[in-house]
Amino acid sequence: MRRNGRRQSGATIVEFAFAAVVFLTLLLGIMDFGRMLFTWNAAVEATRYGARVAVVCNQADASLVLKKMQTFLPQLTSGNIVINWEDPAGTPSSTCDQSTCQGVQVAIYNNPANPGDPDNFRIQAISPFMGFVMPPVPAFATYLPRESMQSTSAAGDLNPVCQ
């Protein structure tokens, strides 16, 4: 009777190791999925706020829009965002101003034709297994029609959003 007990003394440790690997992989996968949904939601909010800054400020430079978007997603870079001011015909124009711009579109860059593009915005997975299946952040975009596109008021006060 004792002899059988000694042969199986390590079986519990081996079973625990198998169960722990499965449990931790599942737990890290759930955490990665939650982080992915959080990042996608933050990307939506970042594009909305970036479009708001771009439409309120007269031809706000891309660095200001990026800085404001980084309050939601600090890992964004200038290569991850696309800002298009559009003329009345709806084509991107870098020369339009508050009297001629129709609106602005701010998007997070994603090139589905080239998933390996270094400018594609990605989420770093926690789990080593999720890195293989973690999709890149979709190309979220927000378009806002022209509102004021004035960085200053009639009194010459600078709009706080444009600072």
# chains A, B, ... in the order shown; residues from 1 in each chain; ligands from 1
$ residues_around --residues "Met36 (chain A)" --least-positions-apart "5" --cutoff "12 Å" --atoms "only C-alpha atoms" --output "mmCIF file with C-alpha atoms, in the first residue's frame"
data_model
loop_
_atom_site.group_PDB
_atom_site.id
_atom_site.type_symbol
_atom_site.label_atom_id
_atom_site.label_comp_id
_atom_site.auth_asym_id
_atom_site.auth_seq_id
_atom_site.Cartn_x
_atom_site.Cartn_y
_atom_site.Cartn_z
ATOM 1 C CA GLY A 29 -6.425 36.382 -22.401
ATOM 2 C CA ILE A 30 -9.435 37.914 -20.631
ATOM 3 C CA MET A 31 -7.259 40.795 -19.407
ATOM 4 C CA ASN A 41 -13.012 53.052 -26.694
ATOM 5 C CA ALA A 42 -10.155 55.446 -25.885
ATOM 6 C CA ALA A 43 -9.329 55.607 -29.614
ATOM 7 C CA PHE A 121 -1.550 51.627 -34.091
ATOM 8 C CA ARG A 122 -1.213 48.411 -32.067
ATOM 9 C CA ILE A 123 -1.848 47.194 -28.556
ATOM 10 C CA GLN A 124 0.947 45.310 -26.800
ATOM 11 C CA ALA A 125 -0.472 42.047 -25.468
ATOM 12 C CA ILE A 126 0.218 40.888 -21.906
ATOM 13 C CA MET A 130 -2.540 36.684 -27.421
ATOM 14 C CA GLY A 131 0.178 38.502 -29.368
ATOM 15 C CA VAL A 133 -4.254 36.892 -32.425
ATOM 16 C CA MET A 134 -4.433 40.495 -31.161
ATOM 17 C CA PRO A 135 -5.899 42.573 -34.001
ATOM 18 C CA PRO A 136 -4.558 46.066 -34.733
ATOM 19 C CA VAL A 137 -6.710 48.971 -33.657
ATOM 20 C CA PRO A 138 -9.216 49.723 -36.440
#
$ select_by_dssp --residues "region 45-138 of chain A" --states "strand (DSSP E)" --output "PyMOL selection string"
chain A and resi 81-86+103-108
$ select_by_dssp --residues "region 9-145 of chain A" --states "alpha helix (DSSP H)" --output "compact mmCIF listing (two decimals) with C-alpha atoms, in the first residue's frame"
# COMPACT_ATOMS: atom_id res chain seq x y z
CA ALA A 11 1.11 13.54 -9.50
CA THR A 12 -0.64 16.38 -7.70
CA ILE A 13 2.12 18.85 -8.54
CA VAL A 14 2.05 17.86 -12.22
CA GLU A 15 -1.76 18.17 -12.35
CA PHE A 16 -1.57 21.57 -10.66
CA ALA A 17 1.04 22.73 -13.19
CA PHE A 18 -1.20 21.78 -16.12
CA ALA A 19 -4.26 23.42 -14.56
CA ALA A 20 -2.31 26.56 -13.61
CA VAL A 21 -1.01 27.03 -17.16
CA VAL A 22 -4.53 26.75 -18.60
CA PHE A 23 -5.98 29.04 -15.91
CA LEU A 24 -3.30 31.73 -16.25
CA THR A 25 -3.51 31.67 -20.06
CA LEU A 26 -7.28 32.13 -19.84
CA LEU A 27 -6.92 34.89 -17.24
CA LEU A 28 -4.31 36.80 -19.25
CA GLY A 29 -6.42 36.38 -22.40
CA ILE A 30 -9.44 37.91 -20.63
CA MET A 31 -7.26 40.79 -19.41
CA ASP A 32 -5.91 41.38 -22.93
CA PHE A 33 -9.43 41.36 -24.37
CA GLY A 34 -10.51 43.93 -21.75
CA ARG A 35 -7.48 46.12 -22.53
CA MET A 36 -8.29 45.85 -26.24
CA LEU A 37 -11.87 47.05 -25.69
CA PHE A 38 -10.65 49.85 -23.40
CA THR A 39 -8.10 50.97 -26.00
CA TRP A 40 -10.68 50.91 -28.79
CA ASN A 41 -13.01 53.05 -26.69
CA ALA A 42 -10.16 55.45 -25.88
CA ALA A 43 -9.33 55.61 -29.61
CA VAL A 44 -12.89 56.66 -30.39
CA GLU A 45 -12.75 59.37 -27.74
CA ALA A 46 -9.29 60.51 -28.90
CA THR A 47 -10.47 60.95 -32.49
CA ARG A 48 -13.57 62.80 -31.33
CA TYR A 49 -11.52 65.18 -29.21
CA GLY A 50 -8.87 65.59 -31.89
CA ALA A 51 -11.54 66.52 -34.45
CA ARG A 52 -13.04 68.98 -31.97
CA VAL A 53 -9.68 70.68 -31.46
CA ALA A 54 -9.00 70.73 -35.20
CA VAL A 55 -12.40 72.22 -36.05
CA VAL A 56 -12.42 74.87 -33.32
CA ALA A 62 -0.97 68.46 -36.13
CA SER A 63 1.25 68.61 -33.03
CA LEU A 64 -1.50 70.38 -31.04
CA VAL A 65 -4.11 67.86 -32.17
CA LEU A 66 -1.74 64.98 -31.32
CA LYS A 67 -1.01 66.46 -27.89
CA LYS A 68 -4.73 66.71 -27.13
CA MET A 69 -5.38 63.17 -28.42
$ closest_residue --among "A:Ile83, A:Asp157, A:Leu73, A:Arg146" --to "Ser99 (chain A)" --atoms "only C-alpha atoms"
A:Arg146
$ atom_distance --atom1 "CA of Leu158 (chain A)" --atom2 "CA of Phe72 (chain A)"
23.3 Å
$ residues_around --residues "Ser94 (chain A)" --least-positions-apart "4" --cutoff "9 Å" --atoms "only C-alpha atoms" --output "list of chain:residue names"
A:Gln59, A:Asn84, A:Trp85, A:Glu86, A:Asp87
$ write_last_selection --atoms "N, CA and C atoms" --output "compact mmCIF listing (two decimals), in the first residue's frame"
# COMPACT_ATOMS: atom_id res chain seq x y z
N GLN A 59 -7.03 75.91 -38.52
CA GLN A 59 -5.91 75.13 -39.04
C GLN A 59 -4.91 74.79 -37.93
N ASN A 84 -7.30 65.65 -41.96
CA ASN A 84 -7.65 66.21 -43.27
C ASN A 84 -8.64 67.34 -43.10
N TRP A 85 -8.22 68.56 -43.42
CA TRP A 85 -9.15 69.67 -43.51
C TRP A 85 -9.74 69.61 -44.91
N GLU A 86 -11.05 69.71 -45.02
CA GLU A 86 -11.70 69.52 -46.31
C GLU A 86 -12.34 70.80 -46.82
N ASP A 87 -12.18 71.03 -48.13
CA ASP A 87 -12.79 72.20 -48.76
C ASP A 87 -14.27 71.89 -49.05
$ atom_distance --atom1 "CA of Thr71 (chain A)" --atom2 "CA of Asn111 (chain A)"
23.7 Å
$ atom_distance --atom1 "CA of Pro74 (chain A)" --atom2 "CA of Pro115 (chain A)"
21.7 Å
$ residues_around --residues "Asn80 (chain A)" --least-positions-apart "4" --cutoff "8 Å" --atoms "only C-alpha atoms" --output "list in words"
Leu76, Ile108, Tyr109, Asn110, Asp119, Asn120 and Phe121 of chain A
$ decode --residues "region 2-150 of chain A" --atoms "C-alpha atoms" --output "CSV table (one decimal), in the first residue's frame"
chain,number,residue,atom,x,y,z
A,2,ARG,CA,2.8,2.4,0.9
A,3,ARG,CA,4.7,1.6,-2.2
A,4,ASN,CA,1.8,2.9,-4.5
A,5,GLY,CA,1.6,6.1,-2.5
A,6,ARG,CA,5.3,6.9,-3.1
A,7,ARG,CA,5.0,6.3,-6.9
A,8,GLN,CA,2.2,8.9,-7.1
A,9,SER,CA,3.5,11.5,-4.7
A,10,GLY,CA,4.4,14.0,-7.6
A,11,ALA,CA,1.1,13.5,-9.5
A,12,THR,CA,-0.6,16.4,-7.7
A,13,ILE,CA,2.1,18.8,-8.5
A,14,VAL,CA,2.0,17.9,-12.2
A,15,GLU,CA,-1.8,18.2,-12.4
A,16,PHE,CA,-1.6,21.6,-10.7
A,17,ALA,CA,1.0,22.7,-13.2
A,18,PHE,CA,-1.2,21.8,-16.1
A,19,ALA,CA,-4.3,23.4,-14.6
A,20,ALA,CA,-2.3,26.6,-13.6
A,21,VAL,CA,-1.0,27.0,-17.2
A,22,VAL,CA,-4.5,26.8,-18.6
A,23,PHE,CA,-6.0,29.0,-15.9
A,24,LEU,CA,-3.3,31.7,-16.2
A,25,THR,CA,-3.5,31.7,-20.1
A,26,LEU,CA,-7.3,32.1,-19.8
A,27,LEU,CA,-6.9,34.9,-17.2
A,28,LEU,CA,-4.3,36.8,-19.3
A,29,GLY,CA,-6.4,36.4,-22.4
A,30,ILE,CA,-9.4,37.9,-20.6
A,31,MET,CA,-7.3,40.8,-19.4
A,32,ASP,CA,-5.9,41.4,-22.9
A,33,PHE,CA,-9.4,41.4,-24.4
A,34,GLY,CA,-10.5,43.9,-21.8
A,35,ARG,CA,-7.5,46.1,-22.5
A,36,MET,CA,-8.3,45.9,-26.2
A,37,LEU,CA,-11.9,47.1,-25.7
A,38,PHE,CA,-10.7,49.8,-23.4
A,39,THR,CA,-8.1,51.0,-26.0
A,40,TRP,CA,-10.7,50.9,-28.8
A,41,ASN,CA,-13.0,53.1,-26.7
A,42,ALA,CA,-10.2,55.4,-25.9
A,43,ALA,CA,-9.3,55.6,-29.6
A,44,VAL,CA,-12.9,56.7,-30.4
A,45,GLU,CA,-12.7,59.4,-27.7
A,46,ALA,CA,-9.3,60.5,-28.9
A,47,THR,CA,-10.5,61.0,-32.5
A,48,ARG,CA,-13.6,62.8,-31.3
A,49,TYR,CA,-11.5,65.2,-29.2
A,50,GLY,CA,-8.9,65.6,-31.9
A,51,ALA,CA,-11.5,66.5,-34.4
A,52,ARG,CA,-13.0,69.0,-32.0
A,53,VAL,CA,-9.7,70.7,-31.5
A,54,ALA,CA,-9.0,70.7,-35.2
A,55,VAL,CA,-12.4,72.2,-36.1
A,56,VAL,CA,-12.4,74.9,-33.3
A,57,CYS,CA,-8.9,76.0,-33.9
A,58,ASN,CA,-8.2,77.6,-37.2
A,59,GLN,CA,-5.9,75.1,-39.0
A,60,ALA,CA,-4.5,73.8,-35.8
A,61,ASP,CA,-1.2,72.2,-36.4
A,62,ALA,CA,-1.0,68.5,-36.1
A,63,SER,CA,1.2,68.6,-33.0
A,64,LEU,CA,-1.5,70.4,-31.0
A,65,VAL,CA,-4.1,67.9,-32.2
A,66,LEU,CA,-1.7,65.0,-31.3
A,67,LYS,CA,-1.0,66.5,-27.9
A,68,LYS,CA,-4.7,66.7,-27.1
A,69,MET,CA,-5.4,63.2,-28.4
A,70,GLN,CA,-2.6,61.8,-26.2
A,71,THR,CA,-4.6,62.7,-23.1
A,72,PHE,CA,-6.7,59.7,-24.1
A,73,LEU,CA,-4.0,57.5,-25.7
A,74,PRO,CA,-0.5,58.4,-24.6
A,75,GLN,CA,1.1,55.9,-27.0
A,76,LEU,CA,-0.2,57.7,-30.1
A,77,THR,CA,2.5,59.2,-32.4
A,78,SER,CA,2.4,61.6,-35.3
A,79,GLY,CA,2.5,58.6,-37.6
A,80,ASN,CA,-0.6,57.1,-36.0
A,81,ILE,CA,-3.0,60.0,-36.9
A,82,VAL,CA,-4.3,61.5,-40.1
A,83,ILE,CA,-5.8,65.0,-40.2
A,84,ASN,CA,-7.6,66.2,-43.3
A,85,TRP,CA,-9.1,69.7,-43.5
A,86,GLU,CA,-11.7,69.5,-46.3
A,87,ASP,CA,-12.8,72.2,-48.8
A,88,PRO,CA,-16.5,72.6,-49.8
A,89,ALA,CA,-16.0,69.9,-52.5
A,90,GLY,CA,-15.1,67.4,-49.7
A,91,THR,CA,-11.5,67.0,-50.8
A,92,PRO,CA,-8.6,67.4,-48.4
A,93,SER,CA,-7.0,70.8,-48.6
A,94,SER,CA,-4.1,72.2,-46.6
A,95,THR,CA,-4.8,75.8,-47.7
A,96,CYS,CA,-8.4,76.2,-46.6
A,97,ASP,CA,-9.2,78.6,-43.7
A,98,GLN,CA,-12.3,79.4,-41.6
A,99,SER,CA,-14.2,80.9,-44.5
A,100,THR,CA,-13.5,78.1,-47.0
A,101,CYS,CA,-13.1,74.9,-45.0
A,102,GLN,CA,-16.1,72.6,-45.0
A,103,GLY,CA,-14.9,70.5,-42.0
A,104,VAL,CA,-12.2,68.3,-40.7
A,105,GLN,CA,-11.6,64.6,-40.4
A,106,VAL,CA,-9.3,63.1,-37.8
A,107,ALA,CA,-8.5,59.4,-37.9
A,108,ILE,CA,-6.2,56.8,-36.3
A,109,TYR,CA,-4.1,55.3,-39.0
A,110,ASN,CA,-4.5,51.7,-39.9
A,111,ASN,CA,-3.4,50.2,-43.2
A,112,PRO,CA,-5.3,46.9,-43.6
A,113,ALA,CA,-3.5,46.2,-46.8
A,114,ASN,CA,-0.2,46.1,-44.9
A,115,PRO,CA,-0.7,44.8,-41.4
A,116,GLY,CA,3.1,45.0,-40.8
A,117,ASP,CA,3.1,48.8,-41.4
A,118,PRO,CA,5.0,50.3,-38.5
A,119,ASP,CA,2.6,53.3,-38.4
A,120,ASN,CA,-0.4,51.0,-37.7
A,121,PHE,CA,-1.5,51.6,-34.1
A,122,ARG,CA,-1.2,48.4,-32.1
A,123,ILE,CA,-1.8,47.2,-28.6
A,124,GLN,CA,0.9,45.3,-26.8
A,125,ALA,CA,-0.5,42.0,-25.5
A,126,ILE,CA,0.2,40.9,-21.9
A,127,SER,CA,-0.2,37.2,-22.7
A,128,PRO,CA,2.5,35.7,-24.9
A,129,PHE,CA,-0.2,33.7,-26.8
A,130,MET,CA,-2.5,36.7,-27.4
A,131,GLY,CA,0.2,38.5,-29.4
A,132,PHE,CA,-0.5,36.2,-32.3
A,133,VAL,CA,-4.3,36.9,-32.4
A,134,MET,CA,-4.4,40.5,-31.2
A,135,PRO,CA,-5.9,42.6,-34.0
A,136,PRO,CA,-4.6,46.1,-34.7
A,137,VAL,CA,-6.7,49.0,-33.7
A,138,PRO,CA,-9.2,49.7,-36.4
A,139,ALA,CA,-9.0,53.0,-38.3
A,140,PHE,CA,-11.3,55.1,-36.2
A,141,ALA,CA,-12.3,58.4,-37.8
A,142,THR,CA,-14.4,61.4,-36.8
A,143,TYR,CA,-15.6,64.1,-39.2
A,144,LEU,CA,-16.9,67.4,-37.9
A,145,PRO,CA,-18.3,70.2,-40.0
A,146,ARG,CA,-16.9,73.7,-39.7
A,147,GLU,CA,-18.1,75.5,-36.6
A,148,SER,CA,-16.0,78.5,-36.0
A,149,MET,CA,-12.4,77.6,-36.8
A,150,GLN,CA,-11.3,80.6,-34.8
